[in-house]
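Undergrad: One structure, pasted below without further comment.
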Amino acid sequence: MSAAPTIAESLARKPNGFTGLRLILALAVVVSHAYSVATGIGADEPLAKATGYTLGEHAVNGFFAVSGFLVTMSCDRRGLRDYALARTLRILPGLIAATLVVSLVLGTAMTRLPAGEYLRDPGLWSFVRNTLVSFKSNAALPGVFEGNPYRSPLGTVWTLKYEVLCYCGVFFAGLSGLLRRRWVATLLCFGLALALSVEVALHGDALAKGVETAFRLPMIFAAGACLYLWRDTLRLAAPAMLCLSVALFVLARTPVYPALLFLGSAYAAIWLALGPLAFRLFDPPADFSYGIYLYGWPVQQTLHALWPAQTGLALLLPSLLVTVPVAALSWYAVERPALALKARALGRRSLGTIEPAGP
């Protein structure tokens with residue numbers, strides 16, 4: 001029986017499933033938020049009780065693994081100036097558009113304040129500034145969603161802060177030459193895993209979510225980067241996935257469980273994209289994942305505000321039916337033109353939708 005292909009061999013084959021996987025992950029975030037938008041308690045979700053983490057958290061983990069892999073590849077294959085331009089044009093246009101649409105259009109329609117008073121309220125412009133400058137996701141708009149468990153209209157943008165910090169880390173690794181020293185990324189990844197395991201051992205369930213996240217997301221991004229940097233050596237194989245699953249089951253109640261789960265998730269994400277999902281069906285020319293990730297939450301918040309008596313699951317299908325067309329509009333009106341601008345600036349003819357957008 002022939003050995004499983006290396007990551008490099010799988011990556012060289014066309015097509016791949018990165019775009020399709022990102023779409024699946026974005027939709028998973030919307031499904032997960034069907035619980036928390038309605039109740040304000042994410043732990044009510046069944047997967048949270050089974051694994052300790054919600055479906056949305058697992059999806060974000062997948063996003064960061066894919067991003068670490070593809071962003072590191074992007075920096076490795078192009079110069080630093082081109083890399084910085086590519087990352088900026090992939091993240092900012094969609095975020096700026098979503099912030100303005102939600103604050104000026106949706107906010108004006110949903111606020112209890114008169115339109116003129118709402119547009120003059122300092123809180124509106126503070127929301128725009130904080131969202132775009134610091135990726136603040138718990139800020140509220142004046143008179144908007146006051147009866148919802150959460151008032152934030154853009155509740156998912158907080159992950160972009162970690163995404164941008166990871167982008168900067170890759171940039172400085174490339175600038176200093178450390179990107180080609182793959183042991184550095186490996187030490188960083190396992191150092192974060194060890195630090196997280198120590199924190200879990202010391203604090204257990206009392207470990208603050210913010211502290212865990214500060215270890216979790218950079219570690220998973222670094223794991224994705226390691227999988228790319230070791231692509232000529234590491235192999236993608238279903239038996240490895242089985243071994244990881246068994247290890248997670250055996251170690252489920254130990255301090256190493258979270259770190260092992262996150263590292264396993266990173267491997268699983270790349271395995272899925274370059275293995276089971278490596279078909280034309282999962283490599284579409286349009287990438288709606290970023291738009292779904294950005295607009296899913298405000299759509300769900302709006303539907304809950306309009307029909308508060310309905311459960312989140314009852315509003316899930318309507319929220320998807322609204323979110324996907326909005327995400328398509330974001331792609332064709334904002335994100336795709338930005339990618340075209342990037343392609344022209346870099347002297348390329350292809351838009352290259354393999355480029356990751358932030359979760």
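Residues in the structure tokens are named by chain (A, B, ... in the order shown) and by number from 1 within that chain; ligands are numbered from 1 in the order shown.
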Give me, as a ChimeraX atom specification, all polymer residues having an atom no more than 9 Å from Tyr257 of chain A, counting only C-alpha atoms and skipping those fewer than 6 positions away in the same chain.

TA: /A:197,247-249,251

Undergrad: How about saving the chosen residues, C-alpha atoms kept, as a PDB file, in the first residue's frame?

TA:
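Just written: part-v6.pdb:
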```pdb
ATOM      1  CA  SER A 197      -1.593  23.200  29.292  1.00  0.00           C
ATOM      2  CA  ALA A 247      -5.811  10.420  21.960  1.00  0.00           C
ATOM      3  CA  LEU A 248      -8.421  13.135  22.513  1.00  0.00           C
ATOM      4  CA  PHE A 249     -10.873  10.588  23.925  1.00  0.00           C
ATOM      5  CA  LEU A 251      -6.954  12.516  27.452  1.00  0.00           C
TER       6      LEU A 251
END
```

Undergrad: For Leu11 of chain A, find every residue with an atom within 10 Å (counting only C-alpha atoms), except residues of its own chain fewer than 2 positions away, and show them as a list in words.

TA: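 Listing them by chain and then by number gives Pro5, Thr6, Ile7, Ala8, Glu9, Arg13, Lys14, Pro15, Asn16, Tyr228, Arg231, Ile270, Ala273, Leu274, Gly275 and Ala278 of chain A.
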
Undergrad: Any chance you could export the current selection's C-alpha atoms as a tab-separated table (two decimals), in the first residue's frame?

TA:
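Full text of again_16.tsv as output:
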```
chain	number	residue	atom	x	y	z
A	5	PRO	CA	1.00	12.01	0.06
A	6	THR	CA	3.00	14.74	1.68
A	7	ILE	CA	1.36	18.11	2.17
A	8	ALA	CA	3.53	19.50	-0.64
A	9	GLU	CA	2.35	16.78	-3.03
A	13	ARG	CA	-2.54	18.90	-7.12
A	14	LYS	CA	-5.51	20.90	-8.36
A	15	PRO	CA	-8.10	21.70	-7.22
A	16	ASN	CA	-8.07	22.12	-3.43
A	228	TYR	CA	3.07	24.61	5.50
A	231	ARG	CA	5.06	20.43	3.89
A	270	ILE	CA	-5.56	21.11	6.26
A	273	ALA	CA	-8.90	20.98	2.39
A	274	LEU	CA	-6.23	18.94	0.62
A	275	GLY	CA	-7.91	15.55	0.94
A	278	ALA	CA	-10.09	18.55	-2.87
```

Undergrad: Nearest to Ala139 of chain A among A:Tyr118, A:Phe127, A:Phe262, A:Trp297, with distances taken over only C-alpha atoms: which residue is it?

TA: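 Closest candidate: A:Phe127.
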
Undergrad: As a CSV table (one decimal) with N, CA, C and O atoms, in the first residue's frame, please: the residues near Gly264 of chain A (cut-off 9 Å, only C-alpha atoms, same-chain neighbours under 6 positions excluded).

TA:
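The resulting file, part30.csv, is shown below:
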```csv
chain,number,residue,atom,x,y,z
A,241,MET,N,-5.6,11.0,11.6
A,241,MET,CA,-6.8,11.6,12.2
A,241,MET,C,-7.4,10.6,13.2
A,241,MET,O,-7.9,11.1,14.3
A,244,LEU,N,-5.4,10.8,16.4
A,244,LEU,CA,-5.7,12.0,17.2
A,244,LEU,C,-7.0,11.9,17.9
A,244,LEU,O,-7.1,12.3,19.0
A,245,SER,N,-8.0,11.3,17.2
A,245,SER,CA,-9.3,11.2,17.9
A,245,SER,C,-9.2,10.3,19.1
A,245,SER,O,-9.8,10.6,20.1
A,248,LEU,N,-7.5,12.1,21.9
A,248,LEU,CA,-8.4,13.1,22.5
A,248,LEU,C,-9.4,12.5,23.5
A,248,LEU,O,-9.7,13.0,24.5
```

Undergrad: Might you pull out every residue within 8 Å of segment 284-294 of chain A, with only C-alpha atoms counted and same-chain residues fewer than 4 positions away left off, and present them as a list in words?

TA: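 Here the answer would be Thr19, Gly20, Arg22, Leu23, Ile24, Leu25, Ala26, Leu27, Val29, Val30, Gly94, Leu95, Ala98, Leu154, Thr156, Val157, Arg280, Pro298, Thr323, Val324, Val326, Ala327, Ala328, Ser330, Trp331, Thr353, Ala357, Gly358 and Pro359 of chain A.
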
Undergrad: Extract, using only C-alpha atoms, all DNA, RNA and protein residues at most 9 Å from Gly42 of chain A, discarding same-chain residues fewer than 6 positions from it, and format them as a PDB file with N, CA and C atoms, in the first residue's frame.

TA:
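Final file, selection-v8.pdb:
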```pdb
ATOM      1  N   SER A  32     -23.955  28.056  14.980  1.00  0.00           N
ATOM      2  CA  SER A  32     -23.614  28.125  16.396  1.00  0.00           C
ATOM      3  C   SER A  32     -24.261  29.321  17.074  1.00  0.00           C
ATOM      4  N   HIS A  33     -24.263  30.454  16.399  1.00  0.00           N
ATOM      5  CA  HIS A  33     -24.813  31.676  16.996  1.00  0.00           C
ATOM      6  C   HIS A  33     -26.335  31.650  17.104  1.00  0.00           C
ATOM      7  N   TYR A  35     -27.922  29.739  18.840  1.00  0.00           N
ATOM      8  CA  TYR A  35     -28.182  29.527  20.262  1.00  0.00           C
ATOM      9  C   TYR A  35     -27.888  30.788  21.068  1.00  0.00           C
ATOM     10  N   SER A  36     -26.693  31.340  20.927  1.00  0.00           N
ATOM     11  CA  SER A  36     -26.286  32.445  21.792  1.00  0.00           C
ATOM     12  C   SER A  36     -27.027  33.742  21.493  1.00  0.00           C
ATOM     13  N   ALA A  48     -20.948  22.185  22.734  1.00  0.00           N
ATOM     14  CA  ALA A  48     -20.198  22.734  23.863  1.00  0.00           C
ATOM     15  C   ALA A  48     -20.204  21.761  25.035  1.00  0.00           C
ATOM     16  N   THR A  54     -17.923  25.393  21.653  1.00  0.00           N
ATOM     17  CA  THR A  54     -19.073  25.479  20.758  1.00  0.00           C
ATOM     18  C   THR A  54     -18.658  25.188  19.322  1.00  0.00           C
TER      19      THR A  54
END
```

Undergrad: Which polymer residues have any atom within 12 Å of an atom of Arg77 of chain A, counting only C-alpha atoms, with same-chain residues fewer than 5 positions away left out, as an mmCIF file with all heavy atoms, in the first residue's frame?

TA:
```cif
data_model
loop_
_atom_site.group_PDB
_atom_site.id
_atom_site.type_symbol
_atom_site.label_atom_id
_atom_site.label_comp_id
_atom_site.auth_asym_id
_atom_site.auth_seq_id
_atom_site.Cartn_x
_atom_site.Cartn_y
_atom_site.Cartn_z
ATOM 1 N N LEU A 70 -2.166 29.303 4.741
ATOM 2 C CA LEU A 70 -2.185 30.053 3.488
ATOM 3 C C LEU A 70 -1.430 31.378 3.590
ATOM 4 O O LEU A 70 -0.785 31.806 2.627
ATOM 5 C CB LEU A 70 -3.625 30.312 3.052
ATOM 6 C CG LEU A 70 -4.455 29.079 2.690
ATOM 7 C CD1 LEU A 70 -5.859 29.495 2.268
ATOM 8 C CD2 LEU A 70 -3.781 28.277 1.578
ATOM 9 N N VAL A 71 -1.519 32.044 4.730
ATOM 10 C CA VAL A 71 -0.815 33.323 4.890
ATOM 11 C C VAL A 71 0.696 33.093 4.897
ATOM 12 O O VAL A 71 1.457 33.871 4.312
ATOM 13 C CB VAL A 71 -1.289 34.036 6.165
ATOM 14 C CG1 VAL A 71 -0.360 35.190 6.526
ATOM 15 C CG2 VAL A 71 -2.710 34.554 5.982
ATOM 16 N N THR A 72 1.129 32.037 5.567
ATOM 17 C CA THR A 72 2.563 31.719 5.547
ATOM 18 C C THR A 72 3.020 31.383 4.135
ATOM 19 O O THR A 72 4.098 31.819 3.691
ATOM 20 C CB THR A 72 2.858 30.548 6.501
ATOM 21 O OG1 THR A 72 2.411 30.877 7.812
ATOM 22 C CG2 THR A 72 4.352 30.247 6.539
ATOM 23 N N ASP A 82 4.425 42.992 -1.385
ATOM 24 C CA ASP A 82 3.253 42.386 -2.001
ATOM 25 C C ASP A 82 2.396 41.666 -0.955
ATOM 26 O O ASP A 82 1.170 41.691 -1.020
ATOM 27 C CB ASP A 82 3.685 41.404 -3.088
ATOM 28 C CG ASP A 82 4.293 42.112 -4.288
ATOM 29 O OD1 ASP A 82 4.240 43.357 -4.327
ATOM 30 O OD2 ASP A 82 4.821 41.417 -5.168
ATOM 31 N N TYR A 83 3.071 41.030 -0.008
ATOM 32 C CA TYR A 83 2.347 40.333 1.058
ATOM 33 C C TYR A 83 1.508 41.317 1.870
ATOM 34 O O TYR A 83 0.319 41.069 2.141
ATOM 35 C CB TYR A 83 3.345 39.620 1.973
ATOM 36 C CG TYR A 83 2.770 39.147 3.287
ATOM 37 C CD1 TYR A 83 2.054 37.965 3.370
ATOM 38 C CD2 TYR A 83 2.957 39.889 4.453
ATOM 39 C CE1 TYR A 83 1.526 37.530 4.581
ATOM 40 C CE2 TYR A 83 2.437 39.463 5.664
ATOM 41 C CZ TYR A 83 1.723 38.287 5.719
ATOM 42 O OH TYR A 83 1.201 37.872 6.921
ATOM 43 N N GLY A 174 9.191 37.076 8.211
ATOM 44 C CA GLY A 174 9.758 37.161 6.869
ATOM 45 C C GLY A 174 10.829 38.225 6.769
ATOM 46 O O GLY A 174 11.863 38.039 6.115
ATOM 47 N N LEU A 179 11.269 33.207 8.951
ATOM 48 C CA LEU A 179 10.240 32.406 8.305
ATOM 49 C C LEU A 179 10.834 31.174 7.637
ATOM 50 O O LEU A 179 10.170 30.145 7.512
ATOM 51 C CB LEU A 179 9.482 33.252 7.274
ATOM 52 C CG LEU A 179 8.175 32.669 6.744
ATOM 53 C CD1 LEU A 179 7.162 32.540 7.879
ATOM 54 C CD2 LEU A 179 7.602 33.523 5.632
ATOM 55 N N ARG A 180 12.072 31.272 7.210
ATOM 56 C CA ARG A 180 12.722 30.137 6.560
ATOM 57 C C ARG A 180 13.408 29.206 7.560
ATOM 58 O O ARG A 180 13.977 28.192 7.171
ATOM 59 C CB ARG A 180 13.731 30.634 5.520
ATOM 60 C CG ARG A 180 13.057 31.429 4.400
ATOM 61 C CD ARG A 180 14.002 31.737 3.256
ATOM 62 N NE ARG A 180 13.332 32.463 2.194
ATOM 63 C CZ ARG A 180 12.575 31.905 1.259
ATOM 64 N NH1 ARG A 180 12.399 30.595 1.271
ATOM 65 N NH2 ARG A 180 12.005 32.640 0.326
ATOM 66 N N TYR A 228 2.558 24.161 6.796
ATOM 67 C CA TYR A 228 3.073 24.610 5.495
ATOM 68 C C TYR A 228 4.601 24.501 5.453
ATOM 69 O O TYR A 228 5.166 24.006 4.476
ATOM 70 C CB TYR A 228 2.665 26.058 5.215
ATOM 71 C CG TYR A 228 3.359 26.594 3.989
ATOM 72 C CD1 TYR A 228 2.959 26.200 2.714
ATOM 73 C CD2 TYR A 228 4.467 27.433 4.096
ATOM 74 C CE1 TYR A 228 3.632 26.648 1.589
ATOM 75 C CE2 TYR A 228 5.140 27.885 2.973
ATOM 76 C CZ TYR A 228 4.726 27.489 1.720
ATOM 77 O OH TYR A 228 5.411 27.923 0.602
ATOM 78 N N LEU A 229 5.272 24.961 6.503
ATOM 79 C CA LEU A 229 6.733 24.994 6.494
ATOM 80 C C LEU A 229 7.338 23.586 6.454
ATOM 81 O O LEU A 229 8.428 23.386 5.902
ATOM 82 C CB LEU A 229 7.236 25.752 7.722
ATOM 83 C CG LEU A 229 6.890 27.256 7.760
ATOM 84 C CD1 LEU A 229 7.286 27.865 9.094
ATOM 85 C CD2 LEU A 229 7.584 27.991 6.614
#
```
